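As stored in upload-v4.txt (compact mmCIF, C-alpha atoms):
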# COMPACT_ATOMS: atom_id res chain seq x y z
CA MET A 23 13.15 11.57 19.12
CA ARG A 24 15.44 12.36 16.24
CA ALA A 25 12.64 14.22 14.45
CA VAL A 26 11.94 16.35 17.55
CA ILE A 27 15.60 17.33 17.94
CA ALA A 28 15.89 18.23 14.24
CA ALA A 29 12.71 20.33 14.45
CA PHE A 30 13.96 22.09 17.59
CA ALA A 31 17.26 23.08 15.97
CA ALA A 32 15.56 24.27 12.77
CA ASN A 33 12.83 26.29 14.52
CA LEU A 34 15.25 27.96 16.92
CA GLY A 35 17.45 29.20 14.07
CA ILE A 36 14.45 30.24 11.99
CA ALA A 37 12.87 32.17 14.87
CA ILE A 38 16.03 34.25 15.34
CA ILE A 39 16.33 35.04 11.62
CA LYS A 40 12.64 35.98 11.31
CA PHE A 41 12.77 38.34 14.27
CA VAL A 42 15.76 40.13 12.76
CA ALA A 43 13.89 40.38 9.46
CA PHE A 44 10.81 41.76 11.21
CA LEU A 45 12.87 44.46 12.93
CA LEU A 46 14.35 45.48 9.58
CA THR A 47 11.14 45.38 7.50
CA GLY A 48 8.28 45.93 9.93
CA SER A 49 6.23 43.28 8.10
CA ALA A 50 3.22 41.85 9.97
CA SER A 51 3.63 38.57 8.15
CA MET A 52 7.25 38.37 9.30
CA LEU A 53 6.18 39.05 12.89
CA ALA A 54 3.50 36.32 12.66
CA GLU A 55 6.08 33.89 11.29
CA SER A 56 8.51 34.84 14.06
CA VAL A 57 5.92 34.10 16.75
CA HIS A 58 5.03 30.88 14.95
CA SER A 59 8.66 29.71 15.02
CA VAL A 60 9.00 30.65 18.71
CA ALA A 61 5.88 28.61 19.50
CA ASP A 62 7.25 25.65 17.54
CA THR A 63 10.55 25.84 19.42
CA GLY A 64 8.74 25.81 22.75
CA ASN A 65 6.64 22.88 21.58
CA GLU A 66 9.72 20.79 20.84
CA VAL A 67 11.04 21.58 24.33
CA LEU A 68 7.76 20.34 25.83
CA LEU A 69 7.93 17.13 23.82
CA LEU A 70 11.46 16.46 25.04
CA VAL A 71 10.41 17.11 28.63
CA GLY A 72 7.42 14.78 28.31
CA HIS A 73 9.55 12.02 26.83
CA GLY A 74 12.03 12.28 29.68
CA ARG A 75 9.40 12.31 32.43
CA SER A 76 7.53 9.35 30.96
CA SER A 77 10.51 7.05 31.56
CA ARG A 78 10.29 7.38 35.36
CA PRO A 79 9.70 4.09 37.21
CA ALA A 80 6.26 3.26 38.57
CA SER A 81 5.39 4.48 42.05
CA ASP A 82 2.79 3.66 44.70
CA ALA A 83 0.58 6.48 43.46
CA HIS A 84 1.11 5.55 39.79
CA PRO A 85 1.49 1.74 39.65
CA PHE A 86 1.25 1.68 35.85
CA GLY A 87 4.06 4.20 35.42
CA PHE A 88 4.15 7.63 33.80
CA GLY A 89 4.01 6.67 30.12
CA ARG A 90 0.96 8.84 29.44
CA GLU A 91 2.93 12.00 30.22
CA ARG A 92 3.98 11.92 26.57
CA TYR A 93 0.32 12.23 25.60
CA PHE A 94 -0.25 15.00 28.16
CA TYR A 95 2.62 17.12 26.86
CA GLY A 96 1.45 16.51 23.31
CA PHE A 97 -1.92 17.97 24.30
CA VAL A 98 -0.18 20.96 25.92
CA VAL A 99 1.66 21.52 22.64
CA SER A 100 -1.65 21.78 20.79
CA VAL A 101 -2.88 24.35 23.31
CA MET A 102 0.29 26.43 22.97
CA LEU A 103 0.13 26.25 19.19
CA PHE A 104 -3.39 27.67 19.30
CA THR A 105 -2.95 30.34 21.98
CA VAL A 106 0.57 31.58 21.25
CA GLY A 107 0.80 31.00 17.50
CA ALA A 108 -2.72 31.20 16.08
CA ALA A 109 -4.28 33.79 18.39
CA PHE A 110 -1.39 36.25 18.09
CA SER A 111 -1.16 35.88 14.30
CA ILE A 112 -4.90 36.47 13.88
CA TYR A 113 -4.76 39.51 16.15
CA ASP A 114 -1.76 41.01 14.33
CA GLY A 115 -3.35 40.33 10.94
CA VAL A 116 -6.60 42.08 11.89
CA HIS A 117 -4.61 44.98 13.31
CA LYS A 118 -2.60 45.40 10.09
CA ILE A 119 -5.75 45.26 7.96
CA LEU A 120 -7.36 48.02 10.02
CA THR A 121 -4.18 50.12 10.19
CA PRO A 122 -2.06 49.22 7.14
CA ALA A 123 1.60 50.21 6.92
CA SER A 124 4.21 49.97 4.17
CA ILE A 125 7.00 47.35 4.18
CA ASP A 126 10.62 48.46 4.32
CA SER A 127 13.38 46.42 2.61
CA PRO A 128 11.16 43.68 1.11
CA LEU A 129 14.23 41.91 -0.33
CA ILE A 130 15.35 41.06 3.19
CA ALA A 131 11.95 39.54 3.91
CA PHE A 132 12.09 37.43 0.75
CA ALA A 133 15.61 36.20 1.55
CA VAL A 134 14.62 35.24 5.11
CA LEU A 135 11.53 33.44 3.88
CA ALA A 136 13.64 31.44 1.39
CA VAL A 137 16.16 30.43 4.08
CA SER A 138 13.30 29.50 6.42
CA ALA A 139 11.72 27.32 3.74
CA VAL A 140 14.97 25.38 3.32
CA ALA A 141 15.31 24.83 7.08
CA GLU A 142 11.67 23.81 7.50
CA GLY A 143 11.98 21.43 4.56
CA PHE A 144 14.97 19.78 6.20
CA SER A 145 13.02 19.35 9.43
CA LEU A 146 9.98 17.95 7.61
CA ARG A 147 12.14 15.48 5.68
CA THR A 148 13.56 14.16 8.94
CA GLY A 149 10.08 13.79 10.38
CA ILE A 150 8.87 11.90 7.28
CA ARG A 151 11.81 9.51 7.46
CA GLU A 152 11.12 8.72 11.13
CA ALA A 153 7.39 8.30 10.48
CA ASN A 154 7.97 5.94 7.55
CA LYS A 155 9.69 3.52 9.90
CA VAL A 156 6.39 2.84 11.69
CA ARG A 157 3.76 4.01 9.17
CA GLY A 158 3.64 0.81 7.13
CA ASP A 159 1.14 0.94 4.26
CA ARG A 160 -1.19 3.44 5.94
CA SER A 161 -1.92 6.79 4.35
CA TRP A 162 -0.61 9.92 6.03
CA THR A 163 -4.09 10.90 7.19
CA MET A 164 -4.70 7.46 8.71
CA PHE A 165 -1.22 7.46 10.27
CA ILE A 166 -1.81 10.77 12.05
CA ARG A 167 -5.19 9.54 13.29
CA ARG A 168 -4.06 6.08 14.44
CA THR A 169 -0.45 6.40 15.54
CA LYS A 170 0.29 6.02 19.26
CA ILE A 171 3.52 8.05 19.12
CA PRO A 172 2.52 11.66 19.91
CA GLU A 173 5.75 13.33 18.80
CA LEU A 174 5.47 12.34 15.15
CA PRO A 175 2.06 13.95 14.41
CA VAL A 176 3.18 17.10 16.22
CA VAL A 177 6.36 17.44 14.15
CA LEU A 178 4.64 16.56 10.86
CA LEU A 179 1.74 18.98 11.35
CA GLU A 180 3.97 21.78 12.66
CA ASP A 181 6.42 21.57 9.78
CA THR A 182 3.68 21.25 7.19
CA ALA A 183 1.88 24.26 8.64
CA ALA A 184 5.17 26.16 8.72
CA LEU A 185 5.85 25.57 5.03
CA ILE A 186 2.33 26.59 4.05
CA GLY A 187 2.60 29.59 6.36
CA LEU A 188 5.78 30.66 4.57
CA VAL A 189 3.83 30.64 1.32
CA PHE A 190 1.17 32.87 2.92
CA ALA A 191 3.82 35.23 4.23
CA PHE A 192 5.59 35.39 0.87
CA ALA A 193 2.27 36.13 -0.88
CA GLY A 194 1.33 38.81 1.66
CA VAL A 195 4.66 40.61 1.37
CA ALA A 196 4.72 40.34 -2.43
CA LEU A 197 1.18 41.67 -2.87
CA SER A 198 1.87 44.51 -0.46
CA VAL A 199 4.92 45.54 -2.49
CA LEU A 200 3.25 45.14 -5.88
CA THR A 201 0.03 46.96 -4.95
CA SER A 202 1.52 49.39 -2.41
CA ASP A 203 -1.27 48.30 -0.08
CA GLY A 204 -0.16 47.19 3.37
CA ARG A 205 -3.46 45.42 4.03
CA TRP A 206 -2.24 42.42 2.02
CA ASP A 207 0.47 41.92 4.60
CA GLY A 208 -2.23 41.74 7.27
CA VAL A 209 -4.17 39.24 5.15
CA GLY A 210 -1.06 37.04 5.02
CA SER A 211 -0.74 37.17 8.81
CA LEU A 212 -4.44 36.36 9.19
CA GLY A 213 -4.06 33.34 6.91
CA ILE A 214 -1.11 32.09 8.99
CA GLY A 215 -3.20 32.40 12.14
CA LEU A 216 -6.11 30.40 10.71
CA LEU A 217 -3.69 27.75 9.46
CA LEU A 218 -2.14 27.37 12.92
CA ALA A 219 -5.58 27.19 14.53
CA THR A 220 -6.52 24.32 12.20
CA ALA A 221 -3.31 22.41 12.99
CA ALA A 222 -3.82 23.01 16.72
CA ALA A 223 -7.40 21.69 16.58
CA ILE A 224 -6.30 18.48 14.81
CA LEU A 225 -3.52 17.92 17.33
CA ALA A 226 -5.83 18.58 20.27
CA ILE A 227 -8.36 16.00 19.05
CA GLU A 228 -5.75 13.30 18.50
CA MET A 229 -3.83 13.97 21.73
CA LYS A 230 -7.07 14.01 23.75
CA SER A 231 -7.98 10.60 22.36
CA LEU A 232 -4.57 9.18 23.32
CA LEU A 233 -4.74 10.81 26.75
CA ILE A 234 -8.13 9.25 27.51
CA GLY A 235 -6.86 5.86 26.39
CA GLU A 236 -6.89 4.18 22.96
CA ALA A 237 -7.06 0.46 22.32
CA ALA A 238 -4.32 -1.42 20.52
CA SER A 239 -4.54 -1.54 16.75
CA PRO A 240 -6.78 -4.21 15.16
CA GLU A 241 -3.71 -6.04 13.89
CA MET A 242 -2.20 -6.14 17.38
CA GLN A 243 -5.49 -7.36 18.89
CA ARG A 244 -5.60 -10.14 16.30
CA MET A 245 -2.08 -11.20 17.28
CA ILE A 246 -3.05 -11.24 20.97
CA ILE A 247 -6.15 -13.38 20.35
CA ALA A 248 -4.17 -15.78 18.17
CA ALA A 249 -1.49 -16.14 20.85
CA LEU A 250 -4.08 -16.84 23.54
CA GLU A 251 -5.93 -19.47 21.50
CA ASP A 252 -2.96 -21.18 19.85
CA GLY A 253 -2.23 -23.34 22.90
CA PRO A 254 -4.16 -26.35 24.23
CA GLU A 255 -4.69 -24.81 27.67
CA LEU A 256 -7.51 -22.38 26.79
CA ALA A 257 -10.65 -23.14 24.82
CA GLN A 258 -11.20 -19.64 23.42
CA VAL A 259 -11.21 -15.91 24.21
CA ILE A 260 -14.58 -14.65 25.40
CA HIS A 261 -13.81 -10.94 25.36
CA LEU A 262 -10.72 -8.73 25.14
CA ARG A 263 -9.84 -5.19 26.26
CA THR A 264 -6.58 -3.39 25.53
CA VAL A 265 -5.33 0.13 26.19
CA HIS A 266 -2.07 1.95 25.47
CA MET A 267 -0.40 3.11 28.67
CA SER A 268 2.31 4.68 26.49
CA PRO A 269 3.50 4.25 22.89
CA ASP A 270 5.61 1.25 23.97
CA ALA A 271 3.40 -0.30 26.69
CA VAL A 272 -0.01 -1.99 26.30
CA LEU A 273 -2.34 -3.24 29.04
CA VAL A 274 -4.16 -6.47 28.06
CA THR A 275 -7.21 -7.82 29.90
CA ALA A 276 -9.24 -10.78 28.68
CA LYS A 277 -11.81 -13.30 29.85
CA VAL A 278 -10.80 -16.75 28.60
CA ALA A 279 -12.79 -19.98 28.48
CA ILE A 280 -11.35 -23.07 30.15
CA ARG A 281 -12.42 -26.71 30.30
CA GLU A 282 -14.92 -27.55 33.00
CA ASP A 283 -12.88 -30.52 34.22
CA ALA A 284 -9.62 -28.54 34.49
CA SER A 285 -7.98 -28.52 37.91
CA ALA A 286 -6.69 -25.43 39.66
CA ARG A 287 -3.13 -26.41 38.84
CA GLN A 288 -3.99 -26.84 35.17
CA ILE A 289 -5.76 -23.47 35.07
CA THR A 290 -2.85 -21.54 36.56
CA SER A 291 -0.22 -23.26 34.42
CA GLY A 292 -2.35 -22.72 31.32
CA ILE A 293 -2.75 -19.00 32.02
CA ASP A 294 1.00 -18.63 32.59
CA ALA A 295 1.71 -20.34 29.27
CA ALA A 296 -0.82 -18.13 27.46
CA GLU A 297 0.76 -14.97 28.90
CA ARG A 298 4.19 -16.08 27.70
CA ARG A 299 2.83 -16.60 24.18
CA VAL A 300 1.27 -13.12 24.17
CA ARG A 301 4.51 -11.46 25.27
CA GLU A 302 6.42 -13.31 22.55
CA ALA A 303 3.93 -12.20 19.89
CA VAL A 304 3.49 -8.62 21.20
CA PRO A 305 6.58 -7.53 23.17
CA ILE A 306 4.99 -4.22 24.25
CA ALA A 307 2.22 -6.11 26.12
CA THR A 308 3.84 -5.30 29.44
CA THR A 309 0.82 -5.95 31.70
CA ILE A 310 -1.58 -8.87 31.15
CA TYR A 311 -4.61 -9.89 33.23
CA LEU A 312 -6.51 -13.06 32.27
CA GLU A 313 -9.77 -14.08 33.95
CA PRO A 314 -10.72 -17.78 33.58
CA ASP A 315 -14.38 -18.60 33.09
CA ILE A 316 -16.67 -21.35 31.79
CA TYR A 317 -17.91 -20.52 28.31
CA ARG A 318 -21.67 -20.61 27.99
CA PRO A 319 -22.67 -20.79 24.32
CA GLN A 320 -25.15 -18.07 23.62
CA GLN A 321 -25.63 -15.17 21.24
CA PRO A 322 -22.71 -12.78 21.79
CA ASP A 323 -23.45 -9.19 22.69
CA ARG A 324 -22.11 -7.40 19.61
CA THR A 325 -22.73 -4.03 21.23
CA ASP A 326 -19.91 -4.69 23.71
CA PRO A 327 -16.62 -3.41 22.22
CA SER A 328 -14.67 -6.13 24.05
CA VAL A 329 -16.79 -8.83 22.37
CA ARG A 330 -16.56 -7.15 18.95
CA ALA A 331 -12.76 -7.11 19.31
CA VAL A 332 -12.78 -10.92 19.62
CA ILE A 333 -15.27 -11.39 16.76
CA ASP A 334 -13.23 -9.13 14.47
CA GLY A 335 -10.03 -10.89 15.53
CA HIS A 336 -11.52 -14.27 14.62
CA ALA A 337 -12.77 -12.92 11.30
CA ARG A 338 -9.28 -11.74 10.34
CA ARG A 339 -7.63 -15.05 11.26
CA PRO A 340 -7.31 -17.72 8.58
CA SER A 341 -9.78 -20.57 8.81
CA PRO A 342 -8.58 -23.83 10.39
CA GLN A 343 -8.55 -25.47 6.96
CA ALA A 344 -6.34 -22.69 5.56
CA ARG A 345 -3.87 -22.68 8.43
CA PRO A 346 -0.70 -24.68 7.90
CA LYS A 347 -0.90 -27.95 9.76
CA PRO A 348 2.09 -29.19 11.76
CA ALA A 349 4.08 -31.95 10.12
CA ALA A 350 3.00 -35.39 11.17
CA ALA A 351 5.34 -37.29 13.46
CA PRO A 352 7.44 -40.02 11.77
CA PRO A 353 5.83 -43.41 12.05
CA GLY A 354 7.10 -45.55 14.87
CA PRO A 355 8.13 -49.19 14.65
CA ALA A 356 5.53 -51.49 13.19
CA ALA A 357 3.36 -53.18 15.71
CA ALA A 358 3.93 -56.90 16.31
CA PRO A 359 1.62 -59.12 14.30
CA PRO A 360 -1.21 -60.58 16.28
CA GLY A 361 -0.94 -64.16 17.51
CA PRO A 362 -2.54 -67.07 15.72
CA ALA A 363 -6.25 -66.85 15.43
CA ALA A 364 -8.21 -68.88 17.89
CA ALA A 365 -9.47 -72.23 16.64
CA PRO A 366 -13.12 -72.34 15.66
CA PRO A 367 -15.31 -73.39 18.49
CA GLY A 368 -15.64 -77.17 18.65
CA PRO A 369 -18.26 -79.28 20.34
CA ALA A 370 -18.79 -78.90 23.99
CA ALA A 371 -16.36 -80.83 26.13
CA ALA A 372 -17.50 -84.37 26.89
CA PRO A 373 -18.40 -85.10 30.46
CA PRO A 374 -16.00 -87.16 32.51
CA GLU A 375 -15.98 -90.82 31.67
CA THR A 376 -16.87 -91.78 35.22
CA SER A 377 -20.21 -90.05 35.04
CA GLY A 378 -21.69 -92.60 32.66
CA ALA A 379 -24.07 -89.96 31.38
CA PRO A 380 -24.52 -89.51 27.67
CA PRO A 381 -22.58 -86.60 26.29
CA GLU A 382 -24.47 -83.40 25.80
CA THR A 383 -24.41 -81.83 22.42
CA SER A 384 -23.51 -78.20 21.83
CA GLY A 385 -24.93 -75.73 19.41
CA ALA A 386 -22.11 -76.34 16.90
CA ALA A 387 -22.89 -77.30 13.37
CA PRO A 388 -22.92 -81.06 12.64
CA GLY A 389 -19.81 -82.64 11.26
CA THR A 390 -17.40 -81.05 13.71
CA SER A 391 -14.60 -83.03 15.25
CA ASP A 392 -15.21 -85.00 18.46
CA ALA A 393 -11.71 -84.24 19.70
CA ALA A 394 -11.49 -82.41 22.96
CA PRO A 395 -10.91 -78.67 22.50
CA ARG A 396 -7.56 -77.06 23.27
CA PRO A 397 -7.34 -75.83 26.81
CA PRO A 398 -7.50 -72.05 27.19
CA SER A 399 -3.87 -71.90 28.32
CA GLU A 400 -2.66 -73.23 24.97
CA GLY A 401 -1.90 -70.82 22.13
CA PRO A 402 0.32 -67.78 22.60
CA GLY A 403 -1.33 -64.66 23.91
CA THR A 404 -4.92 -65.80 23.39
CA SER A 405 -7.82 -65.63 25.76
CA SER A 406 -11.57 -65.67 25.73
CA GLU A 407 -11.50 -61.97 24.95
CA GLY A 408 -9.70 -62.34 21.64
CA PRO A 409 -6.08 -62.37 20.51
CA GLY A 410 -3.51 -60.14 22.14
CA THR A 411 -5.14 -59.95 25.57
CA SER A 412 -3.96 -61.48 28.75
CA SER A 413 -6.06 -63.47 31.18
CA GLU A 414 -3.46 -63.69 33.90
CA GLY A 415 -4.58 -62.53 37.29
CA PRO A 416 -8.12 -61.77 38.45
CA GLU A 417 -9.77 -58.53 37.43
CA PRO A 418 -9.90 -56.07 40.33
CA SER A 419 -13.31 -55.45 41.74
CA SER A 420 -14.83 -52.02 42.16
CA SER A 421 -13.87 -52.02 45.83
CA GLU A 422 -10.25 -52.71 44.88
CA THR A 423 -9.94 -49.74 42.44
CA PRO A 424 -6.81 -47.71 43.31
CA ALA A 425 -7.48 -44.46 45.09
CA ASP A 426 -7.21 -41.17 43.24
CA PRO A 427 -3.63 -39.96 43.80
CA SER A 428 -4.90 -36.37 44.15
CA PRO A 429 -8.29 -36.60 45.91
CA SER A 430 -8.34 -32.92 46.75
CA VAL A 431 -7.88 -31.61 43.18
CA LEU A 432 -10.17 -28.65 42.47
CA THR A 433 -11.91 -28.52 39.13
CA ALA A 434 -12.85 -25.43 37.14
CA SER A 435 -16.53 -26.04 37.86
CA SER A 436 -15.96 -26.18 41.59
CA LEU A 437 -13.77 -23.09 41.48
CA LEU A 438 -16.24 -21.00 39.48
CA THR A 439 -19.62 -22.35 40.57
CA GLU A 440 -19.29 -23.85 44.08
CA PRO A 441 -18.50 -21.88 47.24
CA ALA A 442 -15.28 -22.76 49.00
CA VAL A 443 -15.61 -24.43 52.42
CA ILE A 444 -12.83 -24.03 54.95
CA ILE A 445 -12.66 -26.71 57.67

Let's see the structure in the file written out as C-alpha cells.
Amino acid sequence: MRAVIAAFAANLGIAIIKFVAFLLTGSASMLAESVHSVADTGNEVLLLVGHGRSSRPASDAHPFGFGRERYFYGFVVSVMLFTVGAAFSIYDGVHKILTPASIDSPLIAFAVLAVSAVAEGFSLRTGIREANKVRGDRSWTMFIRRTKIPELPVVLLEDTAALIGLVFAFAGVALSVLTSDGRWDGVGSLGIGLLLATAAAILAIEMKSLLIGEAASPEMQRMIIAALEDGPELAQVIHLRTVHMSPDAVLVTAKVAIREDASARQITSGIDAAERRVREAVPIATTIYLEPDIYRPQQPDRTDPSVRAVIDGHARRPSPQARPKPAAAPPGPAAAPPGPAAAPPGPAAAPPETSGAPPETSGAAPGTSDAAPRPPSEGPGTSSEGPGTSSEGPEPSSSETPADPSPSVLTASSLLTEPAVII
C-alpha cells in the first residue's frame, strides 16, 4: 500500500495547485488536469477503503471472507476515472473548441505543469519500485494483465496517464499562446479526456476479470500439482481448479487418484499429508478441498480447463529421469554367509536289516557311496528346502491362518463403488 499512499499525497497536492492555476489563467487544459487530479485522489481513497474492508474476518454470510472487496473497489476506481475524469475533460474540451477563449498568465500554467510533472514522477517511481518486487521477469504489459494485486495496476496506469496528460496540457497551452487561438487549449483538454477513457477501459477489463475470479498463475498451479504428487499417498492428480479469493488467498480444489486397495484410514491420512505439502509449497493456499477417486485410464478431456491445468503442469515438470534422485541409504551390515551346502544326494537309505529284503536302488548315478545319508537334523540351518531355512515346527494349515487384525477395514473400492450398509 506504500504506492497508494504516495499517489494519494502527490495527487492531493497537485489537485490544489492546478485549481489555483486554473483560476488564475482560465485554461481549459488546466481545468481538465485539475479534475483529473481530483479523480485520482478519490481513487486512492477508494483503494485504501477496499484494502481495509477486505481484512474483515469471515462471517456466516461470507464464509470465504471479504478479500474480493479489493477487486470491487478497483473496479469502482475504473468507473470513476471514466465518468469523473474522462467525461468531464472531453466535455470541457469540446466546449472550448466551440467557444475558444484566450489564456491569461500562461507562465503560471507552465510553472504549475512543471511542478505537477515532478510530483507525478515521484509517485510513478514509487509505484514502479513496489511493482518490481512482485513483477519478476514479466513485461509491464503482461504484469498489468496477470497481476492479482489490484492497487498496483491502478497506480501505474493513473500516474502514466497523468504524465502523458501533462504533456497534452503543456502542448495545448503552448499552441494557444503561440497561435493566439484558444481552440488548441480545448484540443489539449480533449486529448486528456480520451487518454483517461483509455486508461479507465483497461482498468475496467482487468478488474472485472479479477472480480469474476481468476485462476492461480501457471507457475503456482505447477507447484500445487508437484506438491500433491510428490508423496506416496496419492497416485496422481486427475484435475485441478484454483481461484484467487484475494491477492493473498487462493482456493484449491482437485480430484486425486488413490490406490484401489487403500483403506479409509490410509485415504484420510494421505489427503492430510498432501494438504500440508501444498501449504508448505504455496503459503497463500488458504483453503484446499481434495476429492479422492479411482483413476480410470482413458483419453483425457482436453477441453476441460481443469484437466488442461494438470496436463500443462505435468508438461512443465522435469521428467523423472531428470529429477534429482534421493541419496541411497548407507549399506547395512553384511548378511551372514549361508551355511554349508547340502551334501549331494546319496543312494536311497537301505531298508532295515530285519526285513531281509534286497535293498532297493535309487535313481542316483552309479559309483556313489553305500554309506547311509546324513539325517536331516545334521548340518547347521539346512532343510529340504535349501540352506538358511528352518524346518522346526509344522506349517500352519489354511484353517489355522491368523485372523485379520482389522476385519472391518474399508478399501477405496468399497468406499467409491459399493453402497454402505448400516446394520

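Nearest-residue note for Ala43 (chain A): choosing from A:Ser81, A:Ser111, A:Ser127, A:Met23, the minimum distance belongs to A:Ser127, counting all atoms listed in the file.
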
Could you state the separation of CA of Leu250 (chain A) and CA of Glu297 (chain A) in Å, given to one decimal place? 7.5 Å

Please return, as an mmCIF file with C-alpha atoms, in the coordinates of the input, all polymer residues that have at least one atom within 9 Å of the point (-3.9, 6.1, 16.2); use only C-alpha atoms and the file's own coordinate frame.
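Produced file part.cif, reproduced below:
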data_model
loop_
_atom_site.group_PDB
_atom_site.id
_atom_site.type_symbol
_atom_site.label_atom_id
_atom_site.label_comp_id
_atom_site.auth_asym_id
_atom_site.auth_seq_id
_atom_site.Cartn_x
_atom_site.Cartn_y
_atom_site.Cartn_z
ATOM 1 C CA MET A 164 -4.700 7.460 8.710
ATOM 2 C CA PHE A 165 -1.220 7.460 10.270
ATOM 3 C CA ILE A 166 -1.810 10.770 12.050
ATOM 4 C CA ARG A 167 -5.190 9.540 13.290
ATOM 5 C CA ARG A 168 -4.060 6.080 14.440
ATOM 6 C CA THR A 169 -0.450 6.400 15.540
ATOM 7 C CA LYS A 170 0.290 6.020 19.260
ATOM 8 C CA ILE A 171 3.520 8.050 19.120
ATOM 9 C CA GLU A 228 -5.750 13.300 18.500
ATOM 10 C CA SER A 231 -7.980 10.600 22.360
ATOM 11 C CA LEU A 232 -4.570 9.180 23.320
ATOM 12 C CA GLU A 236 -6.890 4.180 22.960
ATOM 13 C CA ALA A 237 -7.060 0.460 22.320
ATOM 14 C CA ALA A 238 -4.320 -1.420 20.520
ATOM 15 C CA SER A 239 -4.540 -1.540 16.750
#

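For the choices A:Asp62, A:His73, A:Asp270, A:Pro254, the atom-to-atom distance to Leu179 (chain A) is smallest for A:Asp62 when using all atoms listed in the file.
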
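The spacing separating CA of Ser211 (chain A) from CA of His58 (chain A) amounts to 10.5 Å.
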
Please list as a PyMOL selection string every residue within 12 Å of Pro172 (chain A), counting only C-alpha atoms and excluding residues in the same chain fewer than 6 positions away. chain A and resi 23+25-26+66+68-70+72-73+89-100+153+165-166+178-179+225-233+268-270

Please determine the residues with any atom at most 12 Å from (2.2, -15.1, 23.4) (coordinates as given in the file, with all atoms listed in the file counting) and report them as a ChimeraX atom specification. /A:242-253,274,292-308,310

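Counting only C-alpha atoms, the residue from A:Thr121, A:Asn33, A:Gln258, A:Thr290 that sits nearest to Val209 (chain A) is A:Thr121.
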
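When all atoms listed in the file are used to measure the gap to Lys118 (chain A), the shortest distance among A:Thr201, A:Ser49, A:Thr309, A:Thr264 belongs to A:Ser49.
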
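Of note, CA of Val189 (chain A) and CA of Asp207 (chain A) are spaced 12.2 Å apart.
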
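Distance check against Ala183 (chain A) using all atoms listed in the file: of A:Thr220, A:Ser77, A:Thr63, A:Ser51, the minimum falls on A:Thr220.
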
I'd like the box whose edges run along x, y and z of the file and which contains every listed atom of region 275-282 of chain A, padded by 8 Å per side; could you state its centre and edge lengths in Å, one decimal, as JSON?
{"center_x": -11.1, "center_y": -17.7, "center_z": 30.7, "size_x": 23.7, "size_y": 35.7, "size_z": 20.5}

Selection: 8 Å around Leu218 (chain A), all atoms listed in the file, excl. self and same-chain fewer than 3 positions, as a PyMOL selection string: chain A and resi 103-104+107-108+183+214-215+221-222

Which polymer residues have any atom within 8 Å of an atom of region 135-141 of chain A, counting all atoms listed in the file, with same-chain residues fewer than 5 positions away left out, as an NGL selection string? :A and (32-33 or 36 or 40 or 185 or 188 or 191-192)

Could you write those residues out with C-alpha atoms, as a compact mmCIF listing (two decimals), in the coordinates of the input?
# COMPACT_ATOMS: atom_id res chain seq x y z
CA ALA A 32 15.56 24.27 12.77
CA ASN A 33 12.83 26.29 14.52
CA ILE A 36 14.45 30.24 11.99
CA LYS A 40 12.64 35.98 11.31
CA LEU A 185 5.85 25.57 5.03
CA LEU A 188 5.78 30.66 4.57
CA ALA A 191 3.82 35.23 4.23
CA PHE A 192 5.59 35.39 0.87
